[in-house]
>>> print(open('query-v1.cif').read())   # mmCIF, C-alpha atoms
data_entry
#
loop_
_atom_site.label_atom_id
_atom_site.label_comp_id
_atom_site.auth_asym_id
_atom_site.auth_seq_id
_atom_site.Cartn_x
_atom_site.Cartn_y
_atom_site.Cartn_z
CA MET A 1 116.45 66.03 109.45
CA THR A 2 117.00 69.66 110.36
CA ALA A 3 113.70 71.50 110.41
CA PRO A 4 113.57 74.55 108.18
CA THR A 5 111.78 77.56 109.60
CA PRO A 6 109.08 78.27 107.05
CA HIS A 7 107.04 80.35 109.47
CA PHE A 8 109.21 83.39 109.13
CA PRO A 9 110.41 85.00 105.93
CA HIS A 10 114.07 84.38 105.25
CA THR A 11 116.35 87.18 104.21
CA GLU A 12 118.76 85.35 101.91
CA THR A 13 119.08 85.60 98.10
CA PRO A 14 115.64 85.90 96.50
CA SER A 15 114.46 82.74 94.73
CA ALA A 16 113.51 84.90 91.75
CA THR A 17 114.08 88.52 90.82
CA LEU A 18 112.58 90.20 87.78
CA SER A 19 113.67 93.72 86.90
CA GLY A 20 112.30 95.96 84.20
CA ILE A 21 110.70 93.08 82.29
CA SER A 22 108.92 93.95 79.05
CA VAL A 23 107.29 91.40 76.78
CA SER A 24 105.11 92.04 73.77
CA TYR A 25 103.90 89.77 71.02
CA PRO A 26 104.57 90.52 67.35
CA ASN A 27 101.89 92.98 66.16
CA GLY A 28 100.21 92.62 69.53
CA PRO A 29 99.83 94.74 72.62
CA ILE A 30 102.46 95.00 75.32
CA VAL A 31 101.87 92.18 77.81
CA LEU A 32 104.45 92.99 80.47
CA ASN A 33 105.53 96.58 80.75
CA GLY A 34 108.66 97.26 82.80
CA LEU A 35 107.62 94.77 85.46
CA ASP A 36 109.59 94.40 88.72
CA TRP A 37 109.02 91.50 91.06
CA ALA A 38 110.87 89.48 93.68
CA LEU A 39 110.04 86.18 95.36
CA LEU A 40 111.75 85.65 98.69
CA PRO A 41 112.67 82.17 99.93
CA GLY A 42 109.80 80.49 101.73
CA GLN A 43 107.14 82.85 100.44
CA VAL A 44 103.91 81.46 99.06
CA VAL A 45 102.65 84.03 96.59
CA GLY A 46 99.30 83.93 94.82
CA LEU A 47 99.36 85.66 91.45
CA LEU A 48 96.09 87.38 90.60
CA GLY A 49 95.12 88.84 87.26
CA ARG A 50 92.24 88.94 84.83
CA ASN A 51 92.04 86.58 81.86
CA GLY A 52 94.56 87.71 79.28
CA SER A 53 96.45 89.92 81.73
CA GLY A 54 99.67 88.00 81.08
CA LYS A 55 99.95 85.65 84.08
CA THR A 56 101.16 82.73 81.98
CA THR A 57 103.58 84.97 80.08
CA LEU A 58 104.90 86.27 83.38
CA LEU A 59 105.40 82.79 84.86
CA GLU A 60 107.09 81.54 81.68
CA THR A 61 109.37 84.57 81.68
CA LEU A 62 110.18 84.03 85.33
CA LEU A 63 111.24 80.47 84.51
CA GLY A 64 113.49 81.59 81.66
CA LEU A 65 111.25 79.80 79.12
CA ARG A 66 110.46 83.04 77.34
CA GLU A 67 112.98 85.73 76.60
CA PRO A 68 111.83 89.26 77.45
CA GLN A 69 112.48 92.15 75.04
CA ALA A 70 113.80 94.12 77.96
CA GLY A 71 114.79 93.42 81.53
CA ARG A 72 116.54 90.73 83.47
CA VAL A 73 115.41 87.60 85.32
CA GLU A 74 117.50 85.95 88.00
CA LEU A 75 116.75 82.61 89.62
CA PHE A 76 118.70 81.82 92.80
CA GLY A 77 121.01 84.68 91.85
CA GLN A 78 121.76 83.29 88.35
CA ASP A 79 120.73 84.67 84.96
CA ALA A 80 117.58 82.70 84.09
CA ALA A 81 118.61 82.41 80.44
CA ARG A 82 121.87 80.66 81.41
CA LEU A 83 120.86 78.57 84.37
CA ASP A 84 123.21 75.74 85.37
CA ASP A 85 121.91 72.21 85.94
CA ALA A 86 122.08 72.47 89.71
CA ALA A 87 119.86 75.56 89.73
CA ARG A 88 117.51 74.02 87.16
CA ALA A 89 117.05 70.98 89.39
CA ARG A 90 115.79 73.28 92.18
CA ILE A 91 112.75 74.33 90.13
CA GLY A 92 109.39 72.60 89.80
CA TYR A 93 106.83 73.76 87.25
CA VAL A 94 103.24 72.83 86.60
CA PRO A 95 102.25 74.42 83.30
CA GLN A 96 98.69 75.37 82.48
CA GLN A 97 98.64 73.00 79.52
CA SER A 98 99.67 69.50 80.45
CA ASP A 99 102.98 68.73 78.70
CA LEU A 100 103.19 65.06 79.62
CA PHE A 101 104.19 62.43 77.08
CA GLU A 102 100.85 60.96 76.17
CA ALA A 103 102.16 57.59 75.00
CA PHE A 104 104.02 56.93 78.26
CA THR A 105 102.43 55.40 81.32
CA PRO A 106 102.73 57.38 84.58
CA ALA A 107 105.34 54.85 85.80
CA GLN A 108 107.42 55.31 82.63
CA LEU A 109 107.09 59.08 82.83
CA MET A 110 108.39 59.17 86.39
CA ALA A 111 111.29 56.83 85.56
CA TYR A 112 112.19 59.09 82.64
CA PHE A 113 112.20 62.34 84.61
CA LYS A 114 113.96 60.74 87.56
CA SER A 115 117.06 60.32 85.39
CA PHE A 116 117.41 64.12 85.04
CA TYR A 117 117.47 65.01 88.71
CA PRO A 118 120.11 64.51 91.39
CA ARG A 119 117.37 64.08 93.98
CA TRP A 120 114.10 62.20 93.61
CA ASN A 121 111.66 61.23 96.32
CA ASP A 122 110.36 57.81 95.24
CA ALA A 123 108.34 57.31 98.39
CA ARG A 124 106.54 60.59 97.87
CA VAL A 125 105.79 59.76 94.22
CA GLU A 126 104.44 56.32 95.14
CA GLY A 127 102.40 57.73 98.00
CA LEU A 128 100.82 60.44 95.89
CA MET A 129 100.14 58.14 92.94
CA SER A 130 98.16 55.79 95.13
CA ARG A 131 96.47 58.51 97.20
CA TRP A 132 95.50 60.44 94.09
CA ASP A 133 94.30 57.33 92.25
CA ILE A 134 96.63 57.42 89.28
CA ALA A 135 96.82 54.17 87.34
CA ARG A 136 100.56 53.56 87.08
CA ASP A 137 100.45 51.46 83.93
CA LYS A 138 97.75 53.08 81.82
CA PRO A 139 98.86 55.29 78.92
CA ILE A 140 98.68 58.94 79.92
CA ARG A 141 96.45 59.80 76.97
CA LYS A 142 93.74 57.63 78.54
CA LEU A 143 93.78 59.54 81.82
CA SER A 144 91.16 62.20 82.58
CA GLY A 145 92.04 65.91 82.61
CA GLY A 146 92.05 65.91 86.40
CA GLN A 147 94.32 62.86 86.58
CA LYS A 148 96.76 64.44 84.14
CA GLN A 149 96.83 67.57 86.22
CA ARG A 150 97.54 65.56 89.36
CA LEU A 151 100.28 63.67 87.58
CA SER A 152 101.81 66.95 86.47
CA ILE A 153 101.78 68.14 90.09
CA ILE A 154 103.41 64.90 91.30
CA ARG A 155 106.11 65.29 88.65
CA ALA A 156 106.79 68.85 89.81
CA LEU A 157 107.04 67.82 93.49
CA ALA A 158 109.07 64.63 92.99
CA HIS A 159 112.52 66.23 92.91
CA GLU A 160 111.74 68.37 95.99
CA PRO A 161 112.12 71.77 94.34
CA ASP A 162 113.07 74.92 96.23
CA LEU A 163 110.97 77.02 93.86
CA LEU A 164 107.60 75.74 92.73
CA VAL A 165 105.74 77.55 89.95
CA LEU A 166 102.15 76.53 89.27
CA ASP A 167 100.04 77.99 86.50
CA GLU A 168 96.35 77.31 87.19
CA PRO A 169 97.21 73.99 88.86
CA VAL A 170 93.70 73.18 89.99
CA ALA A 171 91.63 74.16 86.96
CA SER A 172 90.56 70.56 86.21
CA LEU A 173 90.35 69.35 89.79
CA ASP A 174 87.15 68.86 91.75
CA PRO A 175 86.86 70.36 95.27
CA VAL A 176 88.24 67.20 96.89
CA GLY A 177 91.16 67.11 94.49
CA ARG A 178 91.84 70.78 95.14
CA ARG A 179 91.86 70.26 98.89
CA ASP A 180 94.29 67.32 98.50
CA PHE A 181 96.53 69.51 96.40
CA LEU A 182 96.45 72.38 98.92
CA ARG A 183 97.38 69.97 101.73
CA GLU A 184 100.32 68.76 99.67
CA LEU A 185 101.40 72.34 99.12
CA VAL A 186 101.15 73.08 102.85
CA GLU A 187 103.24 69.99 103.58
CA GLN A 188 105.85 71.07 101.05
CA VAL A 189 106.06 74.47 102.75
CA LEU A 190 106.21 72.90 106.23
CA ASP A 191 108.88 70.38 105.36
CA ARG A 192 111.06 72.29 102.97
CA GLY A 193 110.27 75.97 103.19
CA THR A 194 109.68 75.93 99.44
CA THR A 195 109.08 79.20 97.62
CA VAL A 196 105.76 78.85 95.81
CA VAL A 197 104.08 81.05 93.25
CA PHE A 198 100.79 80.05 91.75
CA SER A 199 98.03 81.55 89.70
CA THR A 200 94.40 80.57 90.02
CA HIS A 201 90.97 82.09 89.77
CA ILE A 202 89.75 80.06 92.69
CA LEU A 203 90.06 82.73 95.33
CA SER A 204 89.12 80.49 98.27
CA ASP A 205 92.20 78.35 97.56
CA LEU A 206 94.44 81.38 97.38
CA GLU A 207 93.02 82.67 100.61
CA ARG A 208 94.00 79.50 102.43
CA VAL A 209 97.53 78.97 101.27
CA ALA A 210 98.83 82.16 99.68
CA PHE A 211 100.21 84.21 102.50
CA ASN A 212 101.18 86.91 100.01
CA LEU A 213 99.24 88.16 97.03
CA ALA A 214 100.55 89.81 93.88
CA PHE A 215 98.16 91.70 91.62
CA LEU A 216 99.09 91.80 87.93
CA SER A 217 97.55 94.76 86.15
CA GLU A 218 98.53 96.66 83.02
CA GLY A 219 101.74 94.69 82.64
CA ARG A 220 103.05 95.31 86.12
CA ILE A 221 102.77 93.96 89.63
CA ALA A 222 100.50 96.74 90.86
CA LEU A 223 100.62 95.58 94.46
CA GLN A 224 102.14 92.77 96.50
CA ALA A 225 101.35 92.33 100.17
CA PRO A 226 100.31 89.75 102.76
CA LEU A 227 96.58 89.06 102.41
CA ASP A 228 96.03 89.55 106.17
CA GLU A 229 97.39 93.06 105.95
CA LEU A 230 95.29 93.92 102.92
CA LEU A 231 92.10 92.72 104.60
CA GLU A 232 92.92 94.76 107.69
CA GLN A 233 94.21 97.89 106.01
CA VAL A 234 92.26 98.30 102.78
CA ARG A 235 88.86 99.97 103.00
CA ALA A 236 86.37 101.34 100.49
CA PHE A 237 85.45 105.01 101.00
CA THR A 238 82.69 106.98 99.32
CA GLY A 239 82.45 110.78 99.33
CA THR A 240 83.20 113.93 97.38
CA VAL A 241 86.64 114.22 95.84
CA THR A 242 87.65 117.03 98.22
CA GLU A 243 86.28 115.30 101.33
CA LEU A 244 88.16 112.13 100.57
CA ALA A 245 91.39 113.97 99.69
CA SER A 246 91.48 115.65 103.10
CA LEU A 247 90.44 112.45 104.89
CA PHE A 248 93.25 110.49 103.23
CA ALA A 249 95.77 113.21 104.04
CA ARG A 250 94.70 113.11 107.69
CA LEU A 251 94.83 109.29 107.92
CA GLY A 252 97.94 108.88 105.77
CA ALA A 253 95.92 106.54 103.54
CA GLN A 254 97.20 105.55 100.12
CA PRO A 255 94.55 105.45 97.36
CA LEU A 256 94.72 102.25 95.29
CA LYS A 257 91.76 102.57 92.93
CA ARG A 258 89.35 105.41 92.17
CA THR A 259 85.90 104.98 90.66
CA PRO A 260 84.14 108.26 89.77
CA LEU A 261 80.47 108.48 90.77
CA GLU A 262 77.87 111.14 89.98
CA ALA A 263 77.91 114.70 91.33
CA GLY A 264 81.60 115.05 92.12
CA ARG A 265 81.58 111.98 94.31
CA GLU A 266 83.85 108.98 94.05
CA ARG A 267 84.43 105.56 95.55
CA VAL A 268 88.04 104.97 96.49
CA LEU A 269 89.79 101.84 97.64
CA ALA A 270 92.58 103.02 99.92
CA ARG A 271 95.15 101.39 102.16
CA LEU A 272 95.55 102.70 105.69
CA PRO A 273 98.93 102.68 107.41
CA ALA A 274 99.43 99.71 109.76
CA GLY A 275 97.81 100.29 113.14
CA VAL A 276 95.55 103.15 112.02
CA ALA A 277 91.94 102.31 112.84
CA ALA A 278 89.53 102.52 109.91
CA PRO A 279 86.86 105.20 110.16
CA HIS A 280 83.44 103.95 111.08
CA ASP A 281 81.79 104.43 107.70
CA ALA A 282 84.62 102.88 105.67
CA GLN A 283 83.68 99.52 104.20
CA ALA A 284 85.72 96.37 104.82
CA VAL A 285 86.56 94.37 101.69
CA ASN A 286 87.13 90.71 100.95
CA LEU A 287 89.50 89.02 98.53
CA GLU A 288 86.96 89.09 95.72
CA ASP A 289 86.59 92.87 96.10
CA LEU A 290 90.37 93.24 95.98
CA PHE A 291 90.55 91.10 92.87
CA THR A 292 87.80 93.05 91.13
CA GLU A 293 89.23 96.44 91.94
CA LEU A 294 92.95 95.84 91.67
CA THR A 295 93.31 93.68 88.57
CA MET B 296 91.35 67.01 120.00
CA GLU B 297 91.26 66.20 116.32
CA ALA B 298 92.68 69.11 114.38
CA ILE B 299 89.96 69.02 111.75
CA HIS B 300 87.24 69.70 114.35
CA PHE B 301 89.21 72.25 116.35
CA VAL B 302 88.09 75.31 114.41
CA HIS B 303 86.47 76.03 111.10
CA ILE B 304 87.22 78.88 108.73
CA ASN B 305 85.22 80.86 106.23
CA THR B 306 86.85 81.97 103.03
CA GLY B 307 85.47 85.00 101.19
CA SER B 308 85.13 86.93 104.44
CA PRO B 309 86.63 90.38 105.08
CA GLU B 310 87.95 88.88 108.32
CA PRO B 311 91.44 87.39 107.84
CA ILE B 312 91.74 83.68 108.60
CA TYR B 313 94.14 84.23 111.52
CA ARG B 314 91.52 86.57 113.13
CA GLN B 315 88.81 83.94 112.68
CA LEU B 316 91.05 81.42 114.47
CA ILE B 317 91.75 83.81 117.34
CA GLU B 318 88.08 84.65 117.84
CA GLN B 319 86.99 81.00 117.83
CA VAL B 320 89.63 79.90 120.31
CA ARG B 321 88.81 82.85 122.60
CA ARG B 322 85.11 81.95 122.52
CA ARG B 323 85.72 78.28 123.22
CA VAL B 324 87.99 79.09 126.14
CA ALA B 325 85.47 81.61 127.48
CA ALA B 326 82.71 79.02 127.25
CA GLY B 327 84.83 76.47 129.12
CA GLN B 328 84.86 74.04 126.18
CA LEU B 329 88.63 74.39 126.27
CA LYS B 330 90.12 74.39 129.76
CA ALA B 331 93.49 75.02 131.41
CA GLY B 332 96.04 72.45 130.29
CA ASP B 333 94.04 71.22 127.28
CA GLU B 334 96.45 70.61 124.46
CA ILE B 335 95.59 72.27 121.18
CA PRO B 336 96.61 71.00 117.72
CA SER B 337 100.15 71.86 116.64
CA VAL B 338 100.76 74.39 113.89
CA ARG B 339 101.59 71.52 111.56
CA GLU B 340 98.47 69.50 112.38
CA LEU B 341 96.13 72.43 112.01
CA ALA B 342 97.80 73.77 108.86
CA GLN B 343 97.37 70.37 107.24
CA ALA B 344 93.84 69.79 108.50
CA LEU B 345 92.59 73.17 107.28
CA ALA B 346 94.91 73.35 104.22
CA VAL B 347 96.02 76.76 105.42
CA HIS B 348 99.49 78.33 105.31
CA PRO B 349 101.34 77.44 108.56
CA MET B 350 102.35 81.08 109.09
CA THR B 351 98.65 81.98 109.40
CA ILE B 352 98.24 79.42 112.20
CA SER B 353 101.41 80.41 114.04
CA LYS B 354 100.42 84.07 113.83
CA ALA B 355 97.08 83.30 115.52
CA TYR B 356 98.73 81.12 118.19
CA SER B 357 101.35 83.76 119.00
CA MET B 358 98.70 86.40 119.49
CA LEU B 359 96.63 84.09 121.69
CA GLU B 360 99.78 83.41 123.69
CA MET B 361 100.46 87.13 124.11
CA GLU B 362 96.98 87.78 125.44
CA GLY B 363 97.26 84.90 127.89
CA VAL B 364 94.72 82.53 126.36
CA LEU B 365 97.34 79.93 125.43
CA GLU B 366 100.73 79.08 126.83
CA ARG B 367 103.66 77.20 125.44
CA ARG B 368 104.68 74.04 127.18
CA ARG B 369 108.19 72.69 127.17
CA GLY B 370 108.85 71.52 123.67
CA LEU B 371 106.52 73.07 121.18
CA SER B 372 103.02 72.09 122.14
CA MET B 373 100.56 74.79 123.11
CA VAL B 374 98.00 74.40 125.87
CA VAL B 375 95.19 76.52 127.24
CA ALA B 376 96.72 78.83 129.88
CA ALA B 377 96.48 77.97 133.57
CA GLN B 378 94.06 80.71 134.60
CA HIS B 379 91.29 79.37 132.37
CA HIS B 380 90.18 76.54 134.63
CA ARG B 381 86.50 77.11 134.12
CA ALA B 382 84.06 78.94 131.91
CA GLN B 383 83.83 82.70 132.31
CA SER B 384 80.61 84.16 133.71
CA ALA B 385 77.83 84.87 131.24
CA ALA B 386 78.34 88.58 131.95
CA LEU B 387 81.90 88.36 130.58
CA ARG B 388 81.03 86.02 127.77
CA ILE B 389 78.32 88.27 126.40
CA GLU B 390 80.91 91.03 126.07
CA LEU B 391 82.61 88.89 123.41
CA LEU B 392 79.42 89.08 121.43
CA ARG B 393 79.13 92.85 121.66
CA PRO B 394 81.19 93.80 118.56
CA THR B 395 79.18 91.45 116.32
CA LEU B 396 75.84 92.65 117.68
CA GLN B 397 76.99 96.26 117.55
CA LYS B 398 77.61 95.84 113.85
CA ALA B 399 74.26 94.10 113.34
CA ALA B 400 72.53 96.93 115.24
CA GLU B 401 74.13 99.54 112.98
CA GLU B 402 73.06 97.69 109.86
CA ALA B 403 69.53 97.20 111.18
CA HIS B 404 69.39 100.92 111.84
CA GLN B 405 70.60 101.74 108.33
CA LEU B 406 67.95 99.43 106.92
CA GLU B 407 65.35 101.20 109.11
CA LEU B 408 64.03 97.90 110.42
CA PRO B 409 61.60 97.79 113.34
CA LYS B 410 63.24 96.53 116.53
CA ALA B 411 60.77 93.66 116.98
CA GLU B 412 61.56 92.25 113.56
CA VAL B 413 65.28 92.31 114.19
CA ILE B 414 64.89 90.60 117.57
CA GLY B 415 62.54 88.10 115.95
CA LEU B 416 65.13 87.18 113.35
CA PHE B 417 67.84 86.84 115.99
CA ASN B 418 65.59 84.55 118.02
CA GLN B 419 64.96 82.42 114.98
CA LEU B 420 68.68 82.18 114.20
CA LEU B 421 69.48 81.22 117.80
CA ASP B 422 66.93 78.41 117.61
CA GLU B 423 68.24 77.19 114.26
CA ASN B 424 71.79 77.05 115.60
CA ALA B 425 70.74 75.18 118.71
CA GLN B 426 69.41 72.31 116.64
#
>>> encode(input="query-v1.cif", output="structure tokens")
Amino acid sequence: MTAPTPHFPHTETPSATLSGISVSYPNGPIVLNGLDWALLPGQVVGLLGRNGSGKTTLLETLLGLREPQAGRVELFGQDAARLDDAARARIGYVPQQSDLFEAFTPAQLMAYFKSFYPRWNDARVEGLMSRWDIARDKPIRKLSGGQKQRLSIIRALAHEPDLLVLDEPVASLDPVGRRDFLRELVEQVLDRGTTVVFSTHILSDLERVAFNLAFLSEGRIALQAPLDELLEQVRAFTGTVTELASLFARLGAQPLKRTPLEAGRERVLARLPAGVAAPHDAQAVNLEDLFTELT
Amino acid sequence: MEAIHFVHINTGSPEPIYRQLIEQVRRRVAAGQLKAGDEIPSVRELAQALAVHPMTISKAYSMLEMEGVLERRRGLSMVVAAQHHRAQSAALRIELLRPTLQKAAEEAHQLELPKAEVIGLFNQLLDENAQ
């Protein structure tokens, strides 16, 4: 087997490109508003956004399951709305709501899906089913929420996708189940250099495996960057508006979020250019701070 | 060494995971717990043990290699570099602690805590960790 090189970003065709995407619901607010986004091969991107910010809508649109009112989605360089079978077979998806056939047993479900894909890793499916304690011959409707979620993950991994999209994949899993899932994701990245995008509110999981983070806010990807860089470059500053303006000009810092305080003062989250040391009194932030301020 | 016990990481910290890895390996080499020629877990082993993105691990290893803590053997395995055949002197080791204590000193100052109380707490924490 030739080893892929997942440790360095590739520079080939993006796995997914979204340009100028707008989605709104009938009589509802605009969910996605001229959104641009690209996922490069081998990237693992964590998608962060508040409840109701449109993460699921975004992931469904990315997959071509939902047609945007404006904009264009490409998967592996093809129009997502007219994807050929070969491209479709390169995608794995774990939806937020389990969409498994409840009357089937896990064994029947796997046999059914296997028939759709040119490639199917039986050994991996068997290994995961026994490691993750899934009864092969029990009707799916009798499985617990966590077991269904695991089964949905196994189904999405079985055909060895090049692009894996996971919408809240760990919501029903306990900490042990989540760790098992993260290990599987790491293995997938190590062995295949899979592009992964997943949404979750469990920030500790994101911190481990999502090398890149994308913040969804007001219908757009407000910021996408490697988490390491954000932790090293983003600082919280407090001072008067004029003080901070001149400080940022001097440092070349880019303000990301302003919060007005009393008496002409403000708190600003700002990103320093790479290699510029943070001033002494600037506060370091963690992922939770970034989530709170940027989504 | 078993990868799972090699290092531990804290999530929720402002310190990126790759930095935490670098600092822990540096400290263990300085203390002589890891010595010249000791093999360290591969990127794959450690990524799987910690459930961390492999790029985070390889970033830490490359930086440790650049600063001469680790070296790459033929093939891909990494070992502790040849010059680290024994623990560094306490005088050098305590310098590794300076940035952390510096920060604690600043915060103690901001909180206007009496020196004796701060030292007392540090003593207590040292004892707790020794157990």
>>> residues_around(input="query-v1.cif", residues="A:Ala38", least_positions_apart="3", cutoff="7 Å", atoms="all atoms listed in the file", output="PyMOL selection string")
chain A and resi 14+16-18
>>> write_last_selection(input="query-v1.cif", atoms="C-alpha atoms", output="PDB file, in the frame of the given file")
ATOM      1  CA  PRO A  14     115.640  85.900  96.500  1.00  0.00           C
ATOM      2  CA  ALA A  16     113.510  84.900  91.750  1.00  0.00           C
ATOM      3  CA  THR A  17     114.080  88.520  90.820  1.00  0.00           C
ATOM      4  CA  LEU A  18     112.580  90.200  87.780  1.00  0.00           C
TER       5      LEU A  18
END
>>> interface_residues(input="query-v1.cif", of="chain B", to="chain A", cutoff="6 Å", atoms="all atoms listed in the file", output="PyMOL selection string")
chain B and resi 306-309+311+343+346-348+350
>>> residues_near_point(input="query-v1.cif", point="(112.4, 85.8, 97.8)", cutoff="9 Å", atoms="only C-alpha atoms", output="MDAnalysis selection string")
chainID A and resid 9:17 38:43 76 195
>>> residues_around(input="query-v1.cif", residues="stretch 369-385 of chain B", least_positions_apart="3", cutoff="8 Å", atoms="all atoms listed in the file", output="short mmCIF file (atom, residue, chain, number, x, y, z; two decimals) with C-alpha atoms, in the frame of the given file")
data_model
loop_
_atom_site.label_atom_id
_atom_site.label_comp_id
_atom_site.auth_asym_id
_atom_site.auth_seq_id
_atom_site.Cartn_x
_atom_site.Cartn_y
_atom_site.Cartn_z
CA VAL B 324 87.99 79.09 126.14
CA ALA B 325 85.47 81.61 127.48
CA ALA B 326 82.71 79.02 127.25
CA GLY B 327 84.83 76.47 129.12
CA GLN B 328 84.86 74.04 126.18
CA LEU B 329 88.63 74.39 126.27
CA LYS B 330 90.12 74.39 129.76
CA ALA B 331 93.49 75.02 131.41
CA GLY B 332 96.04 72.45 130.29
CA ASP B 333 94.04 71.22 127.28
CA GLU B 334 96.45 70.61 124.46
CA ILE B 335 95.59 72.27 121.18
CA PRO B 336 96.61 71.00 117.72
CA SER B 337 100.15 71.86 116.64
CA GLY B 363 97.26 84.90 127.89
CA VAL B 364 94.72 82.53 126.36
CA LEU B 365 97.34 79.93 125.43
CA GLU B 366 100.73 79.08 126.83
CA ARG B 388 81.03 86.02 127.77
CA ILE B 389 78.32 88.27 126.40
#
>>> residues_around(input="query-v1.cif", residues="stretch 104-109 of chain A", least_positions_apart="6", cutoff="8 Å", atoms="all atoms listed in the file", output="list in words")
Ile134, Ala135, Arg136, Asp137, Lys138, Pro139, Ile140 and Leu151 of chain A
>>> write_last_selection(input="query-v1.cif", atoms="C-alpha atoms", output="PDB file, keeping the file's coordinate frame")
ATOM      1  CA  ILE A 134      96.630  57.420  89.280  1.00  0.00           C
ATOM      2  CA  ALA A 135      96.820  54.170  87.340  1.00  0.00           C
ATOM      3  CA  ARG A 136     100.560  53.560  87.080  1.00  0.00           C
ATOM      4  CA  ASP A 137     100.450  51.460  83.930  1.00  0.00           C
ATOM      5  CA  LYS A 138      97.750  53.080  81.820  1.00  0.00           C
ATOM      6  CA  PRO A 139      98.860  55.290  78.920  1.00  0.00           C
ATOM      7  CA  ILE A 140      98.680  58.940  79.920  1.00  0.00           C
ATOM      8  CA  LEU A 151     100.280  63.670  87.580  1.00  0.00           C
TER       9      LEU A 151
END
>>> resolve_selection(input="query-v1.cif", expression="the PyMOL selection byres ((chain B and resi 296-300) around 6)", output="PDB file with C-alpha atoms, in the coordinates of the input")
ATOM      1  CA  PHE B 301      89.210  72.250 116.350  1.00  0.00           C
ATOM      2  CA  VAL B 302      88.090  75.310 114.410  1.00  0.00           C
ATOM      3  CA  PRO B 336      96.610  71.000 117.720  1.00  0.00           C
ATOM      4  CA  LEU B 341      96.130  72.430 112.010  1.00  0.00           C
ATOM      5  CA  ALA B 344      93.840  69.790 108.500  1.00  0.00           C
TER       6      ALA B 344
END
>>> resolve_selection(input="query-v1.cif", expression="the PyMOL selection byres ((chain A and resi 262) around 12)", output="list in words")
Thr238, Gly239, Thr240, Val241, Thr259, Pro260, Leu261, Ala263, Gly264, Arg265, Glu266 and Arg267 of chain A
>>> axis_aligned_box(input="query-v1.cif", around="stretch 121-125 of chain A", padding_each_side="6 Å", output="AutoDock Vina command-line options")
--center_x 108.7 --center_y 59.3 --center_z 96.3 --size_x 17.9 --size_y 15.9 --size_z 16.2
>>> residues_around(input="query-v1.cif", residues="stretch 90-94 of chain A", least_positions_apart="5", cutoff="10 Å", atoms="only C-alpha atoms", output="ChimeraX atom specification")
/A:15,59-60,63,75-76,85,99,117-119,149-169,194-198
>>> atom_distance(input="query-v1.cif", atom1="atom CA of A:Leu35", atom2="atom CA of A:Ser53")
12.7 Å
>>> resolve_selection(input="query-v1.cif", expression="the PyMOL selection byres ((chain A and resi 215) around 10)", output="count of residues only")
21
>>> atom_distance(input="query-v1.cif", atom1="atom CA of A:Val125", atom2="atom CA of A:Val176")
19.2 Å
>>> atom_distance(input="query-v1.cif", atom1="atom CA of B:Val338", atom2="atom CA of B:Glu318")
16.8 Å
>>> residues_around(input="query-v1.cif", residues="B:Ala355", least_positions_apart="3", cutoff="9 Å", atoms="all atoms listed in the file", output="CSV table (one decimal) with C-alpha atoms, in the coordinates of the input")
chain,number,residue,atom,x,y,z
B,312,ILE,CA,91.7,83.7,108.6
B,313,TYR,CA,94.1,84.2,111.5
B,314,ARG,CA,91.5,86.6,113.1
B,315,GLN,CA,88.8,83.9,112.7
B,316,LEU,CA,91.0,81.4,114.5
B,317,ILE,CA,91.8,83.8,117.3
B,350,MET,CA,102.4,81.1,109.1
B,351,THR,CA,98.6,82.0,109.4
B,352,ILE,CA,98.2,79.4,112.2
B,358,MET,CA,98.7,86.4,119.5
B,359,LEU,CA,96.6,84.1,121.7
B,360,GLU,CA,99.8,83.4,123.7
>>> closest_residue(input="query-v1.cif", among="A:Gly219, A:Pro175, A:Gly34, A:Pro255", to="A:Gly54", atoms="only C-alpha atoms")
A:Gly219
>>> residues_near_point(input="query-v1.cif", point="(65.7, 91.9, 111.8)", cutoff="12 Å", atoms="all atoms listed in the file", output="list in words")
Leu396, Ala399, Ala400, Glu401, Glu402, Ala403, His404, Gln405, Leu406, Glu407, Leu408, Pro409, Lys410, Ala411, Glu412, Val413, Ile414, Gly415, Leu416, Phe417, Asn418, Gln419 and Leu420 of chain B
>>> decode(input="query-v1.cif", residues="stretch 376-382 of chain B", atoms="N, CA and C atoms", output="mmCIF file, in the first residue's frame")
data_model
loop_
_atom_site.group_PDB
_atom_site.id
_atom_site.type_symbol
_atom_site.label_atom_id
_atom_site.label_comp_id
_atom_site.auth_asym_id
_atom_site.auth_seq_id
_atom_site.Cartn_x
_atom_site.Cartn_y
_atom_site.Cartn_z
ATOM 1 N N ALA B 376 18.043 12.825 21.246
ATOM 2 C CA ALA B 376 19.314 13.153 20.608
ATOM 3 C C ALA B 376 20.512 12.795 21.490
ATOM 4 N N ALA B 377 21.640 12.538 20.804
ATOM 5 C CA ALA B 377 22.827 11.952 21.440
ATOM 6 C C ALA B 377 23.376 12.761 22.624
ATOM 7 N N GLN B 378 23.257 14.092 22.548
ATOM 8 C CA GLN B 378 23.879 14.873 23.630
ATOM 9 C C GLN B 378 23.152 14.767 24.972
ATOM 10 N N HIS B 379 21.949 14.198 24.957
ATOM 11 C CA HIS B 379 21.184 14.152 26.213
ATOM 12 C C HIS B 379 21.421 12.834 26.934
ATOM 13 N N HIS B 380 22.687 12.587 27.339
ATOM 14 C CA HIS B 380 22.940 11.280 27.946
ATOM 15 C C HIS B 380 22.658 11.263 29.430
ATOM 16 N N ARG B 381 22.520 12.418 30.032
ATOM 17 C CA ARG B 381 22.067 12.392 31.433
ATOM 18 C C ARG B 381 21.265 13.647 31.747
ATOM 19 N N ALA B 382 20.682 13.638 32.928
ATOM 20 C CA ALA B 382 19.822 14.757 33.314
ATOM 21 C C ALA B 382 20.626 16.049 33.353
#
